[in-house]
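Content type PDB, C-alpha atoms and all ligand atoms, from the file start-v3.pdb:
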ATOM      1  CA  MET A 137     -19.323 -29.917 -41.474  1.00  0.00           C
ATOM      2  CA  SER A 138     -19.231 -33.446 -40.089  1.00  0.00           C
ATOM      3  CA  ASP A 139     -22.088 -35.780 -40.951  1.00  0.00           C
ATOM      4  CA  ALA A 140     -21.772 -37.832 -37.753  1.00  0.00           C
ATOM      5  CA  PRO A 141     -25.168 -38.261 -36.063  1.00  0.00           C
ATOM      6  CA  GLU A 142     -26.150 -35.383 -33.785  1.00  0.00           C
ATOM      7  CA  VAL A 143     -26.365 -36.113 -30.088  1.00  0.00           C
ATOM      8  CA  VAL A 144     -27.512 -32.750 -28.726  1.00  0.00           C
ATOM      9  CA  ARG A 145     -28.814 -29.663 -30.498  1.00  0.00           C
ATOM     10  CA  PHE A 146     -29.749 -26.300 -28.982  1.00  0.00           C
ATOM     11  CA  GLU A 147     -31.952 -23.931 -30.937  1.00  0.00           C
ATOM     12  CA  ARG A 148     -32.044 -20.391 -29.549  1.00  0.00           C
ATOM     13  CA  VAL A 149     -32.075 -21.641 -25.976  1.00  0.00           C
ATOM     14  CA  ALA A 150     -32.412 -19.230 -23.057  1.00  0.00           C
ATOM     15  CA  LYS A 151     -32.422 -19.875 -19.323  1.00  0.00           C
ATOM     16  CA  ARG A 152     -33.640 -17.214 -16.934  1.00  0.00           C
ATOM     17  CA  TYR A 153     -33.713 -17.498 -13.161  1.00  0.00           C
ATOM     18  CA  PRO A 154     -36.086 -15.371 -11.105  1.00  0.00           C
ATOM     19  CA  MET A 155     -34.185 -13.360  -8.464  1.00  0.00           C
ATOM     20  CA  GLY A 156     -36.565 -11.475  -6.192  1.00  0.00           C
ATOM     21  CA  ASP A 157     -38.207  -8.853  -8.367  1.00  0.00           C
ATOM     22  CA  SER A 158     -35.776  -9.239 -11.257  1.00  0.00           C
ATOM     23  CA  VAL A 159     -34.362 -12.093 -13.347  1.00  0.00           C
ATOM     24  CA  VAL A 160     -30.891 -13.404 -14.137  1.00  0.00           C
ATOM     25  CA  ASP A 161     -30.237 -14.159 -17.802  1.00  0.00           C
ATOM     26  CA  ALA A 162     -27.983 -17.151 -17.177  1.00  0.00           C
ATOM     27  CA  LEU A 163     -28.077 -18.227 -20.841  1.00  0.00           C
ATOM     28  CA  VAL A 164     -29.229 -16.223 -23.863  1.00  0.00           C
ATOM     29  CA  ASP A 165     -29.938 -17.285 -27.446  1.00  0.00           C
ATOM     30  CA  ALA A 166     -27.678 -20.354 -27.449  1.00  0.00           C
ATOM     31  CA  SER A 167     -27.594 -22.454 -30.623  1.00  0.00           C
ATOM     32  CA  PHE A 168     -25.155 -25.280 -31.389  1.00  0.00           C
ATOM     33  CA  THR A 169     -24.997 -28.948 -32.307  1.00  0.00           C
ATOM     34  CA  ILE A 170     -22.830 -31.599 -30.684  1.00  0.00           C
ATOM     35  CA  ARG A 171     -22.195 -34.657 -32.839  1.00  0.00           C
ATOM     36  CA  GLU A 172     -21.119 -38.170 -32.015  1.00  0.00           C
ATOM     37  CA  GLY A 173     -17.384 -38.471 -31.425  1.00  0.00           C
ATOM     38  CA  GLU A 174     -16.794 -34.799 -30.664  1.00  0.00           C
ATOM     39  CA  PHE A 175     -14.721 -33.474 -27.781  1.00  0.00           C
ATOM     40  CA  VAL A 176     -16.070 -30.006 -26.949  1.00  0.00           C
ATOM     41  CA  SER A 177     -15.046 -27.586 -24.226  1.00  0.00           C
ATOM     42  CA  ILE A 178     -17.371 -24.953 -22.818  1.00  0.00           C
ATOM     43  CA  LEU A 179     -14.989 -22.168 -21.781  1.00  0.00           C
ATOM     44  CA  GLY A 180     -15.818 -19.017 -19.845  1.00  0.00           C
ATOM     45  CA  PRO A 181     -15.187 -17.133 -16.598  1.00  0.00           C
ATOM     46  CA  SER A 182     -17.035 -17.855 -13.370  1.00  0.00           C
ATOM     47  CA  GLY A 183     -20.723 -16.887 -13.596  1.00  0.00           C
ATOM     48  CA  SER A 184     -20.772 -16.909 -17.415  1.00  0.00           C
ATOM     49  CA  GLY A 185     -23.418 -19.645 -17.608  1.00  0.00           C
ATOM     50  CA  LYS A 186     -21.325 -22.795 -18.152  1.00  0.00           C
ATOM     51  CA  SER A 187     -22.987 -24.929 -15.492  1.00  0.00           C
ATOM     52  CA  THR A 188     -26.402 -23.690 -16.585  1.00  0.00           C
ATOM     53  CA  LEU A 189     -25.557 -24.793 -20.100  1.00  0.00           C
ATOM     54  CA  MET A 190     -24.287 -28.173 -18.948  1.00  0.00           C
ATOM     55  CA  HIS A 191     -27.366 -28.814 -16.792  1.00  0.00           C
ATOM     56  CA  LEU A 192     -29.504 -28.115 -19.862  1.00  0.00           C
ATOM     57  CA  VAL A 193     -27.385 -30.447 -22.031  1.00  0.00           C
ATOM     58  CA  GLY A 194     -27.922 -33.182 -19.423  1.00  0.00           C
ATOM     59  CA  PHE A 195     -31.557 -32.171 -19.044  1.00  0.00           C
ATOM     60  CA  LEU A 196     -31.212 -31.694 -15.340  1.00  0.00           C
ATOM     61  CA  ASP A 197     -33.067 -28.456 -16.064  1.00  0.00           C
ATOM     62  CA  SER A 198     -35.485 -27.125 -18.696  1.00  0.00           C
ATOM     63  CA  PRO A 199     -34.978 -24.070 -20.884  1.00  0.00           C
ATOM     64  CA  THR A 200     -37.031 -20.915 -20.426  1.00  0.00           C
ATOM     65  CA  GLU A 201     -37.042 -20.373 -24.193  1.00  0.00           C
ATOM     66  CA  GLY A 202     -35.950 -22.250 -27.280  1.00  0.00           C
ATOM     67  CA  GLU A 203     -35.738 -25.955 -27.945  1.00  0.00           C
ATOM     68  CA  ILE A 204     -33.295 -28.706 -27.027  1.00  0.00           C
ATOM     69  CA  PHE A 205     -33.071 -31.893 -29.084  1.00  0.00           C
ATOM     70  CA  PHE A 206     -31.525 -35.138 -27.859  1.00  0.00           C
ATOM     71  CA  GLU A 207     -30.706 -37.576 -30.658  1.00  0.00           C
ATOM     72  CA  GLY A 208     -33.025 -35.489 -32.828  1.00  0.00           C
ATOM     73  CA  ARG A 209     -36.023 -35.667 -30.470  1.00  0.00           C
ATOM     74  CA  PRO A 210     -37.338 -32.439 -28.967  1.00  0.00           C
ATOM     75  CA  LEU A 211     -37.058 -32.710 -25.191  1.00  0.00           C
ATOM     76  CA  ALA A 212     -40.283 -30.764 -24.769  1.00  0.00           C
ATOM     77  CA  SER A 213     -42.106 -33.768 -26.259  1.00  0.00           C
ATOM     78  CA  ILE A 214     -40.637 -36.193 -23.708  1.00  0.00           C
ATOM     79  CA  SER A 215     -42.266 -36.653 -20.290  1.00  0.00           C
ATOM     80  CA  PRO A 216     -40.207 -35.954 -17.147  1.00  0.00           C
ATOM     81  CA  ASP A 217     -40.187 -39.683 -16.278  1.00  0.00           C
ATOM     82  CA  GLN A 218     -38.921 -40.618 -19.701  1.00  0.00           C
ATOM     83  CA  ARG A 219     -36.288 -37.910 -19.526  1.00  0.00           C
ATOM     84  CA  ALA A 220     -35.024 -39.371 -16.261  1.00  0.00           C
ATOM     85  CA  CYS A 221     -34.780 -42.776 -17.970  1.00  0.00           C
ATOM     86  CA  ILE A 222     -32.908 -41.410 -20.961  1.00  0.00           C
ATOM     87  CA  ARG A 223     -30.580 -39.489 -18.661  1.00  0.00           C
ATOM     88  CA  ALA A 224     -29.809 -42.596 -16.593  1.00  0.00           C
ATOM     89  CA  GLU A 225     -29.174 -44.625 -19.716  1.00  0.00           C
ATOM     90  CA  LYS A 226     -27.414 -42.215 -22.025  1.00  0.00           C
ATOM     91  CA  ILE A 227     -25.711 -39.447 -20.095  1.00  0.00           C
ATOM     92  CA  GLY A 228     -22.652 -39.707 -17.848  1.00  0.00           C
ATOM     93  CA  PHE A 229     -21.864 -36.878 -15.404  1.00  0.00           C
ATOM     94  CA  VAL A 230     -18.525 -35.975 -13.832  1.00  0.00           C
ATOM     95  CA  PHE A 231     -18.316 -33.131 -11.295  1.00  0.00           C
ATOM     96  CA  GLN A 232     -15.556 -31.054  -9.747  1.00  0.00           C
ATOM     97  CA  ALA A 233     -16.242 -32.476  -6.275  1.00  0.00           C
ATOM     98  CA  PHE A 234     -16.187 -36.164  -7.385  1.00  0.00           C
ATOM     99  CA  ASN A 235     -19.397 -36.842  -5.388  1.00  0.00           C
ATOM    100  CA  LEU A 236     -18.451 -40.393  -4.389  1.00  0.00           C
ATOM    101  CA  LEU A 237     -20.253 -42.075  -1.482  1.00  0.00           C
ATOM    102  CA  PRO A 238     -17.729 -42.389   1.361  1.00  0.00           C
ATOM    103  CA  ARG A 239     -19.096 -45.602   2.891  1.00  0.00           C
ATOM    104  CA  MET A 240     -18.992 -47.544  -0.346  1.00  0.00           C
ATOM    105  CA  ASP A 241     -15.912 -48.999  -1.951  1.00  0.00           C
ATOM    106  CA  VAL A 242     -14.756 -48.136  -5.466  1.00  0.00           C
ATOM    107  CA  ARG A 243     -16.672 -51.030  -7.037  1.00  0.00           C
ATOM    108  CA  ALA A 244     -19.956 -50.123  -5.340  1.00  0.00           C
ATOM    109  CA  ASN A 245     -19.553 -46.444  -6.239  1.00  0.00           C
ATOM    110  CA  THR A 246     -18.899 -47.320  -9.864  1.00  0.00           C
ATOM    111  CA  ARG A 247     -21.924 -49.588  -9.925  1.00  0.00           C
ATOM    112  CA  LEU A 248     -24.366 -46.966  -8.602  1.00  0.00           C
ATOM    113  CA  PRO A 249     -25.821 -45.751 -11.928  1.00  0.00           C
ATOM    114  CA  LEU A 250     -26.840 -49.328 -12.721  1.00  0.00           C
ATOM    115  CA  THR A 251     -29.324 -49.065  -9.840  1.00  0.00           C
ATOM    116  CA  TYR A 252     -31.305 -46.626 -11.968  1.00  0.00           C
ATOM    117  CA  HIS A 253     -30.734 -48.469 -15.212  1.00  0.00           C
ATOM    118  CA  PRO A 254     -30.824 -52.136 -14.227  1.00  0.00           C
ATOM    119  CA  VAL A 255     -28.940 -54.761 -16.206  1.00  0.00           C
ATOM    120  CA  PRO A 256     -28.516 -58.450 -15.249  1.00  0.00           C
ATOM    121  CA  PRO A 257     -26.088 -58.776 -12.291  1.00  0.00           C
ATOM    122  CA  ILE A 258     -23.492 -60.677 -14.304  1.00  0.00           C
ATOM    123  CA  ASN A 259     -23.439 -57.914 -16.916  1.00  0.00           C
ATOM    124  CA  ALA A 260     -23.305 -55.300 -14.180  1.00  0.00           C
ATOM    125  CA  ALA A 261     -20.186 -56.858 -12.662  1.00  0.00           C
ATOM    126  CA  ALA A 262     -18.529 -57.061 -16.072  1.00  0.00           C
ATOM    127  CA  ARG A 263     -19.414 -53.456 -16.848  1.00  0.00           C
ATOM    128  CA  VAL A 264     -18.016 -52.254 -13.532  1.00  0.00           C
ATOM    129  CA  ASP A 265     -14.759 -54.116 -14.168  1.00  0.00           C
ATOM    130  CA  ARG A 266     -14.510 -52.746 -17.696  1.00  0.00           C
ATOM    131  CA  ALA A 267     -15.118 -49.168 -16.519  1.00  0.00           C
ATOM    132  CA  LEU A 268     -12.514 -49.509 -13.755  1.00  0.00           C
ATOM    133  CA  GLU A 269     -10.010 -50.941 -16.228  1.00  0.00           C
ATOM    134  CA  LEU A 270     -10.606 -48.023 -18.583  1.00  0.00           C
ATOM    135  CA  VAL A 271      -9.591 -45.548 -15.892  1.00  0.00           C
ATOM    136  CA  ASP A 272      -6.864 -47.826 -14.512  1.00  0.00           C
ATOM    137  CA  MET A 273      -8.460 -48.205 -11.073  1.00  0.00           C
ATOM    138  CA  MET A 274      -8.862 -51.987 -10.842  1.00  0.00           C
ATOM    139  CA  PRO A 275      -5.980 -52.225  -8.341  1.00  0.00           C
ATOM    140  CA  ARG A 276      -7.978 -50.016  -5.946  1.00  0.00           C
ATOM    141  CA  ALA A 277     -11.395 -51.592  -6.529  1.00  0.00           C
ATOM    142  CA  ASP A 278     -11.823 -52.564  -2.866  1.00  0.00           C
ATOM    143  CA  HIS A 279     -10.739 -49.205  -1.434  1.00  0.00           C
ATOM    144  CA  ARG A 280     -13.037 -46.533  -0.101  1.00  0.00           C
ATOM    145  CA  PRO A 281     -12.890 -42.958  -1.463  1.00  0.00           C
ATOM    146  CA  GLY A 282     -11.174 -41.754   1.748  1.00  0.00           C
ATOM    147  CA  GLN A 283      -8.247 -44.044   0.960  1.00  0.00           C
ATOM    148  CA  LEU A 284      -7.677 -42.509  -2.479  1.00  0.00           C
ATOM    149  CA  SER A 285      -5.919 -39.410  -3.809  1.00  0.00           C
ATOM    150  CA  GLY A 286      -7.939 -36.669  -5.550  1.00  0.00           C
ATOM    151  CA  GLY A 287      -6.872 -37.877  -8.975  1.00  0.00           C
ATOM    152  CA  GLN A 288      -7.841 -41.452  -8.134  1.00  0.00           C
ATOM    153  CA  ARG A 289     -11.241 -40.297  -6.855  1.00  0.00           C
ATOM    154  CA  GLN A 290     -11.869 -38.458 -10.081  1.00  0.00           C
ATOM    155  CA  ARG A 291     -10.901 -41.603 -12.036  1.00  0.00           C
ATOM    156  CA  VAL A 292     -13.530 -43.523 -10.075  1.00  0.00           C
ATOM    157  CA  ALA A 293     -16.086 -40.781 -10.765  1.00  0.00           C
ATOM    158  CA  ILE A 294     -15.262 -41.100 -14.471  1.00  0.00           C
ATOM    159  CA  ALA A 295     -15.647 -44.893 -14.283  1.00  0.00           C
ATOM    160  CA  ARG A 296     -19.035 -44.362 -12.620  1.00  0.00           C
ATOM    161  CA  ALA A 297     -20.029 -41.989 -15.430  1.00  0.00           C
ATOM    162  CA  LEU A 298     -18.973 -44.570 -18.046  1.00  0.00           C
ATOM    163  CA  VAL A 299     -20.544 -47.670 -16.518  1.00  0.00           C
ATOM    164  CA  ASN A 300     -23.775 -47.193 -18.488  1.00  0.00           C
ATOM    165  CA  GLU A 301     -21.810 -46.787 -21.705  1.00  0.00           C
ATOM    166  CA  PRO A 302     -23.488 -43.388 -22.168  1.00  0.00           C
ATOM    167  CA  ARG A 303     -24.015 -41.620 -25.452  1.00  0.00           C
ATOM    168  CA  ILE A 304     -22.371 -38.496 -24.064  1.00  0.00           C
ATOM    169  CA  LEU A 305     -20.046 -37.747 -21.157  1.00  0.00           C
ATOM    170  CA  LEU A 306     -20.501 -34.359 -19.419  1.00  0.00           C
ATOM    171  CA  ALA A 307     -17.786 -33.054 -17.106  1.00  0.00           C
ATOM    172  CA  ASP A 308     -18.160 -29.793 -15.122  1.00  0.00           C
ATOM    173  CA  GLU A 309     -14.741 -28.449 -14.030  1.00  0.00           C
ATOM    174  CA  PRO A 310     -13.466 -32.027 -13.562  1.00  0.00           C
ATOM    175  CA  THR A 311      -9.922 -30.838 -12.796  1.00  0.00           C
ATOM    176  CA  GLY A 312     -10.962 -27.921 -10.555  1.00  0.00           C
ATOM    177  CA  ASN A 313      -9.956 -29.696  -7.337  1.00  0.00           C
ATOM    178  CA  LEU A 314      -6.725 -31.215  -8.648  1.00  0.00           C
ATOM    179  CA  ASP A 315      -3.113 -30.048  -8.770  1.00  0.00           C
ATOM    180  CA  SER A 316      -1.884 -29.302 -12.274  1.00  0.00           C
ATOM    181  CA  ARG A 317       0.073 -32.526 -12.768  1.00  0.00           C
ATOM    182  CA  THR A 318      -2.870 -34.705 -11.680  1.00  0.00           C
ATOM    183  CA  ALA A 319      -5.196 -32.534 -13.774  1.00  0.00           C
ATOM    184  CA  GLY A 320      -2.974 -33.319 -16.755  1.00  0.00           C
ATOM    185  CA  THR A 321      -3.371 -37.063 -16.279  1.00  0.00           C
ATOM    186  CA  ILE A 322      -7.168 -36.701 -16.005  1.00  0.00           C
ATOM    187  CA  LEU A 323      -7.186 -34.648 -19.219  1.00  0.00           C
ATOM    188  CA  ASP A 324      -5.061 -37.353 -20.873  1.00  0.00           C
ATOM    189  CA  LEU A 325      -7.751 -39.817 -19.847  1.00  0.00           C
ATOM    190  CA  PHE A 326     -10.516 -37.701 -21.428  1.00  0.00           C
ATOM    191  CA  THR A 327      -8.412 -37.407 -24.591  1.00  0.00           C
ATOM    192  CA  GLU A 328      -7.985 -41.181 -24.711  1.00  0.00           C
ATOM    193  CA  LEU A 329     -11.704 -41.819 -24.060  1.00  0.00           C
ATOM    194  CA  ASN A 330     -12.517 -39.460 -26.938  1.00  0.00           C
ATOM    195  CA  ARG A 331      -9.950 -41.169 -29.180  1.00  0.00           C
ATOM    196  CA  GLN A 332     -11.856 -44.406 -28.519  1.00  0.00           C
ATOM    197  CA  GLY A 333     -14.961 -42.679 -29.895  1.00  0.00           C
ATOM    198  CA  ARG A 334     -16.741 -41.255 -26.859  1.00  0.00           C
ATOM    199  CA  THR A 335     -18.538 -37.926 -27.129  1.00  0.00           C
ATOM    200  CA  ILE A 336     -17.346 -35.543 -24.417  1.00  0.00           C
ATOM    201  CA  VAL A 337     -18.399 -32.091 -23.236  1.00  0.00           C
ATOM    202  CA  LEU A 338     -15.988 -30.535 -20.756  1.00  0.00           C
ATOM    203  CA  VAL A 339     -16.826 -27.335 -18.867  1.00  0.00           C
ATOM    204  CA  THR A 340     -13.906 -25.207 -17.670  1.00  0.00           C
ATOM    205  CA  HIS A 341     -12.848 -21.645 -16.828  1.00  0.00           C
ATOM    206  CA  ASP A 342      -9.241 -22.552 -17.755  1.00  0.00           C
ATOM    207  CA  ALA A 343      -8.111 -21.872 -21.335  1.00  0.00           C
ATOM    208  CA  ASN A 344      -5.245 -24.380 -20.930  1.00  0.00           C
ATOM    209  CA  VAL A 345      -7.726 -27.114 -20.084  1.00  0.00           C
ATOM    210  CA  ALA A 346     -10.008 -26.138 -22.980  1.00  0.00           C
ATOM    211  CA  ALA A 347      -7.017 -26.232 -25.334  1.00  0.00           C
ATOM    212  CA  ARG A 348      -7.016 -30.020 -24.935  1.00  0.00           C
ATOM    213  CA  SER A 349     -10.256 -30.351 -26.907  1.00  0.00           C
ATOM    214  CA  ARG A 350     -10.669 -29.909 -30.631  1.00  0.00           C
ATOM    215  CA  ARG A 351     -13.638 -27.547 -30.352  1.00  0.00           C
ATOM    216  CA  GLN A 352     -14.174 -24.729 -27.895  1.00  0.00           C
ATOM    217  CA  ILE A 353     -17.428 -22.928 -27.222  1.00  0.00           C
ATOM    218  CA  HIS A 354     -16.673 -19.649 -25.450  1.00  0.00           C
ATOM    219  CA  VAL A 355     -19.396 -18.213 -23.207  1.00  0.00           C
ATOM    220  CA  MET A 356     -19.514 -14.765 -21.638  1.00  0.00           C
ATOM    221  CA  ASP A 357     -22.416 -13.275 -19.663  1.00  0.00           C
ATOM    222  CA  GLY A 358     -24.675 -16.112 -20.808  1.00  0.00           C
ATOM    223  CA  ARG A 359     -23.887 -15.712 -24.503  1.00  0.00           C
ATOM    224  CA  ILE A 360     -21.910 -17.871 -26.861  1.00  0.00           C
ATOM    225  CA  ILE A 361     -19.305 -15.456 -28.199  1.00  0.00           C
ATOM    226  CA  ARG A 362     -17.215 -17.933 -30.171  1.00  0.00           C
ATOM    227  CA  ASP A 363     -17.507 -21.543 -31.351  1.00  0.00           C
ATOM    228  CA  ALA A 364     -14.307 -22.774 -32.986  1.00  0.00           C
TER     229      ALA A 364
HETATM  230  P1  LIG A 401     -20.690 -20.765 -14.295  1.00  0.00           P
HETATM  231  O1  LIG A 401     -20.900 -22.228 -14.199  1.00  0.00           O
HETATM  232  O2  LIG A 401     -20.109 -20.325 -15.608  1.00  0.00           O
HETATM  233  O3  LIG A 401     -19.892 -20.221 -13.150  1.00  0.00           O
HETATM  234  P2  LIG A 401     -23.548 -20.594 -13.792  1.00  0.00           P
HETATM  235  O4  LIG A 401     -24.185 -21.265 -14.942  1.00  0.00           O
HETATM  236  O5  LIG A 401     -23.452 -21.363 -12.533  1.00  0.00           O
HETATM  237  O6  LIG A 401     -22.105 -20.036 -14.225  1.00  0.00           O
HETATM  238  O7  LIG A 401     -24.344 -19.249 -13.483  1.00  0.00           O
HETATM  239  C1  LIG A 401     -24.659 -18.292 -14.480  1.00  0.00           C
HETATM  240  C2  LIG A 401     -25.452 -17.162 -13.844  1.00  0.00           C
HETATM  241  O8  LIG A 401     -26.724 -17.630 -13.421  1.00  0.00           O
HETATM  242  C3  LIG A 401     -24.792 -16.574 -12.627  1.00  0.00           C
HETATM  243  O9  LIG A 401     -25.041 -15.189 -12.610  1.00  0.00           O
HETATM  244  C4  LIG A 401     -25.491 -17.264 -11.475  1.00  0.00           C
HETATM  245  O10 LIG A 401     -25.457 -16.460 -10.338  1.00  0.00           O
HETATM  246  C5  LIG A 401     -26.878 -17.443 -12.022  1.00  0.00           C
HETATM  247  N1  LIG A 401     -27.552 -18.649 -11.479  1.00  0.00           N
HETATM  248  C6  LIG A 401     -27.164 -19.925 -11.636  1.00  0.00           C
HETATM  249  N2  LIG A 401     -28.013 -20.786 -11.047  1.00  0.00           N
HETATM  250  C7  LIG A 401     -28.987 -20.012 -10.489  1.00  0.00           C
HETATM  251  C8  LIG A 401     -30.187 -20.280  -9.734  1.00  0.00           C
HETATM  252  N3  LIG A 401     -30.554 -21.534  -9.454  1.00  0.00           N
HETATM  253  N4  LIG A 401     -30.945 -19.229  -9.341  1.00  0.00           N
HETATM  254  C9  LIG A 401     -30.575 -17.961  -9.640  1.00  0.00           C
HETATM  255  N5  LIG A 401     -29.483 -17.628 -10.363  1.00  0.00           N
HETATM  256  C10 LIG A 401     -28.686 -18.640 -10.774  1.00  0.00           C
HETATM  257 MG    MG A 402     -20.115 -23.647 -12.871  1.00  0.00          MG
END

What does this structure look like when you write it as structure tokens?
Ligand code: ADP
Ligand code: MG
Amino acid sequence: MSDAPEVVRFERVAKRYPMGDSVVDALVDASFTIREGEFVSILGPSGSGKSTLMHLVGFLDSPTEGEIFFEGRPLASISPDQRACIRAEKIGFVFQAFNLLPRMDVRANTRLPLTYHPVPPINAAARVDRALELVDMMPRADHRPGQLSGGQRQRVAIARALVNEPRILLADEPTGNLDSRTAGTILDLFTELNRQGRTIVLVTHDANVAARSRRQIHVMDGRIIRDA
């Protein structure tokens, strides 16, 4: 058992979605702790509840049952406004579809989260440069997303997720739209970011991708069936 500070803890968390007259048990009885410096994969087939779990970790959604703690604080005790602030400040998101704004160049895209979490302009510029250097995209800083390859777009999305220096980086199928060689370089980047001390949660349906992380949480039909 590591004694690194906990970042996120789930205690018997469930998420149910109403579906007409019935309900979908998207997540059932989930308990785990993610500590600072960990690199964790959430692995499971399509529909197993991975995105549901990740949305809860990033408090984009609230649990139906159970309790979620962020840095030891129960989320239920934090107002929605405050949650939005904490999310903007402390959580970085990376998605399968990159989600870059096509009319903005790489620098402006990377800077976007600082709109919600303002820092002095001089610091903002330095942070953007640092994030782009981390992902090796400085040479393309003035390009627009349409002028980049898929792998380069995902690097920019990762820079955008890092620009706030978040406490935890969440990535949902970040290599899902990439060929296997490019996916490998993106996974190398996550490995390096973790080696530098960043806490990372990576959602994937691909056991080969999950094998890149030290810890794997397997989900099936909304249940955690293995955590190793
Ligand atoms: P995964 O990311 O592993 O593919 P999801 O977390 O997206 O799985 O979905 C888990 C289950 O919950 C699926 O059966 C899905 O259809 C259902 N689900 C997800 N989001 C919603 C929603 N907003 N409303 C109703 N059902 C949902
Ligand atoms: Mg999903």

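Taking only C-alpha atoms and all ligand atoms into account, ligand MG 402 (chain A) lies nearest to A:Ser184 out of the set A:Thr169, A:Ser138, A:Ser184, A:Ser198.
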
Might I get the box with edges along x, y and z of the file that holds all atoms of segment 294-299 of chain A listed there, padded by 6 Å on every side, given as centre and edge lengths in Å to one decimal, as JSON?
{"center_x": -17.9, "center_y": -44.4, "center_z": -15.3, "size_x": 17.3, "size_y": 18.6, "size_z": 17.4}

Using all atoms listed in the file, which residues sit within 12 Å of Gln283 of chain A once same-chain residues fewer than 4 positions away are excluded, as a PyMOL selection string? chain A and resi 238-242+276-279+287-289

Applied to the shown file, which residues does the PyMOL selection byres (((chain A and resi 301) around 10) and not hetatm) return, written as a compact mmCIF listing (two decimals) with C-alpha atoms, in the coordinates of the input?
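File written: expr.txt
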# COMPACT_ATOMS: atom_id res chain seq x y z
CA GLU A 225 -29.17 -44.62 -19.72
CA LYS A 226 -27.41 -42.22 -22.02
CA ILE A 227 -25.71 -39.45 -20.10
CA GLY A 228 -22.65 -39.71 -17.85
CA ARG A 263 -19.41 -53.46 -16.85
CA ALA A 267 -15.12 -49.17 -16.52
CA ALA A 295 -15.65 -44.89 -14.28
CA ARG A 296 -19.04 -44.36 -12.62
CA ALA A 297 -20.03 -41.99 -15.43
CA LEU A 298 -18.97 -44.57 -18.05
CA VAL A 299 -20.54 -47.67 -16.52
CA ASN A 300 -23.78 -47.19 -18.49
CA PRO A 302 -23.49 -43.39 -22.17
CA ARG A 303 -24.02 -41.62 -25.45
CA ILE A 304 -22.37 -38.50 -24.06
CA LEU A 305 -20.05 -37.75 -21.16
CA ARG A 334 -16.74 -41.26 -26.86

Check the smallest atom-to-atom distance from each of A:Ala244, A:Ala307, A:Leu236, A:Val255 to ligand LIG 401 (chain A) using all atoms listed in the file, then report the winner. A:Ala307

For the file shown, report as a PDB file with C-alpha atoms, in the coordinates of the input the outcome of the PyMOL selection byres (((not hetatm)) within 6 of (chain A and resi 401)) at residue level.
ATOM      1  CA  TYR A 153     -33.713 -17.498 -13.161  1.00  0.00           C
ATOM      2  CA  MET A 155     -34.185 -13.360  -8.464  1.00  0.00           C
ATOM      3  CA  VAL A 160     -30.891 -13.404 -14.137  1.00  0.00           C
ATOM      4  CA  ALA A 162     -27.983 -17.151 -17.177  1.00  0.00           C
ATOM      5  CA  PRO A 181     -15.187 -17.133 -16.598  1.00  0.00           C
ATOM      6  CA  SER A 182     -17.035 -17.855 -13.370  1.00  0.00           C
ATOM      7  CA  GLY A 183     -20.723 -16.887 -13.596  1.00  0.00           C
ATOM      8  CA  SER A 184     -20.772 -16.909 -17.415  1.00  0.00           C
ATOM      9  CA  GLY A 185     -23.418 -19.645 -17.608  1.00  0.00           C
ATOM     10  CA  LYS A 186     -21.325 -22.795 -18.152  1.00  0.00           C
ATOM     11  CA  SER A 187     -22.987 -24.929 -15.492  1.00  0.00           C
ATOM     12  CA  THR A 188     -26.402 -23.690 -16.585  1.00  0.00           C
TER      13      THR A 188
END

Hey, which of A:Ala233, A:Leu270, A:Cys221, A:Val193 ends up closest to His253 of chain A? Count all atoms listed in the file.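 For His253 of chain A, the nearest of the candidates is A:Cys221.
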
Target residues per the PyMOL selection byres (((chain A and resi 337) around 9) and not hetatm), formatted as an MDAnalysis selection string: chainID A and resid 170 174:178 190 304:308 335:336 338:339
